[in-house]
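To start, the structure itself, in structure tokens.
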Amino acid sequence: MSYVSEIEGSILPADDEEPPPSRRRPRLVVGLAAALAVALVLAAVLAVRLYRDEHLGGGQAGARDVVERYTAALDRHDMDGVRATSLDQASFTESESLRWPMLGPASYQDRDDLFRRLFAADLRLRSSGPVQVVGDGPYRVSVRQTVHYKVAGITVDEDGMSLLTVVDRPDGPVVTEHIWWRLPHPPKPSMAWID
């Protein structure tokens, strides 16, 4: 027995037929596309704001750079580098309280002598935070730092803030004042705190 079958068909619509209506996108896809567009706009706005916050103007960037060079010179015990990044009459003060300095203010030869004594005590000054600059000249600069030195055979590490004033000069910005502020430690808890 033989079976013969004939199948005839077409995968294309007939010329007189209308194409099927286009499918509408599901609401979820439209909602996700809108949410993605909003997220991209928000990310762009935040990126611009962050750039503006982190970007310093020319004078402020120069103040930041001179403070970084000044700090590096102190850390390297480079008196010529300290002099190149600060005025001759620049002062240095060390204090636990900003009202009553413990050391200084020292300027001119006294400042150089003080730095030489600090260098002999193996002074190391490391920045532990970003340099913050405010003002349009003179610039007020602050940076959290750790100071390391040895005194009477004892190694000391202290946390503090360097507060500096920087002015623009024709040959570039220079440090005019440096206050090393030792951060006060909170009092230790005691029984007196219990009511």
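To be explicit about the labels: the chains of the structure tokens are called A, B, and onward in the order shown, and within each one the residues are counted from 1, while ligands get numbers from 1 in the order they are shown.
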Exercise. List the neighbours of Gln60 in chain A out to 12 Å using only C-alpha atoms; skip same-chain residues closer than 6 positions along the sequence, and give me the result as number ranges by chain.
Key: A: 54, 66-67, 131-141, 165-168, 172-174
Quiz prompt | Members of range 44-129 of chain A assigned helix (DSSP H, G or I) by DSSP, as a ChimeraX atom specification | solution = /A:44-54,58-76,79-84,108-120
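Using only C-alpha atoms, the shortest contact distance between His148 in chain A and any of A:Met102, A:Leu74, A:Ala43, A:Val82 is found at A:Leu74.
Proximity of A:Ala120, A:Val151, A:Ile179, A:Ala84 to Leu163 in chain A, computed with only C-alpha atoms, is greatest for A:Ile179.
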Self-check item: Option closest in space to Asp88 in chain A, from A:Arg76, A:Arg69, A:Arg111, A:Lys150 [counting only C-alpha atoms]
Solution: A:Arg111
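What separates CA of Leu125 in chain A from CA of Gly57 in chain A is a distance of 26.3 Å.
The spacing separating CA of Pro170 in chain A from CA of Gly59 in chain A amounts to 12.3 Å.
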Quiz prompt | Residue list (strand (DSSP E or B), DSSP) for range 115-191 of chain A, as a ChimeraX atom specification | solution = /A:124-127,132-134,139-151,154-169,172-182
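Between CA of Thr85 in chain A and CA of Val156 in chain A the interatomic distance comes to 26.6 Å.
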Practice problem: Find the spatial neighbours of Arg116 in chain A, counting only C-alpha atoms, within a cut-off of 10 Å - ignore same-chain residues fewer than 6 positions away - and output them as a ChimeraX atom specification. | Solution: /A:77-79,110,122-123
Resulting file, chosen residues, C-alpha atoms, as a PDB file, in the first residue's frame:
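Produced file part.pdb, reproduced below:
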ATOM      1  CA  HIS A  77      63.668  66.664  57.830  1.00  0.00           C
ATOM      2  CA  ASP A  78      64.346  68.938  54.868  1.00  0.00           C
ATOM      3  CA  MET A  79      64.872  72.436  56.260  1.00  0.00           C
ATOM      4  CA  ASP A 110      63.486  80.327  66.659  1.00  0.00           C
ATOM      5  CA  ASP A 122      62.924  61.777  64.703  1.00  0.00           C
ATOM      6  CA  LEU A 123      59.787  63.782  63.887  1.00  0.00           C
TER       7      LEU A 123
END
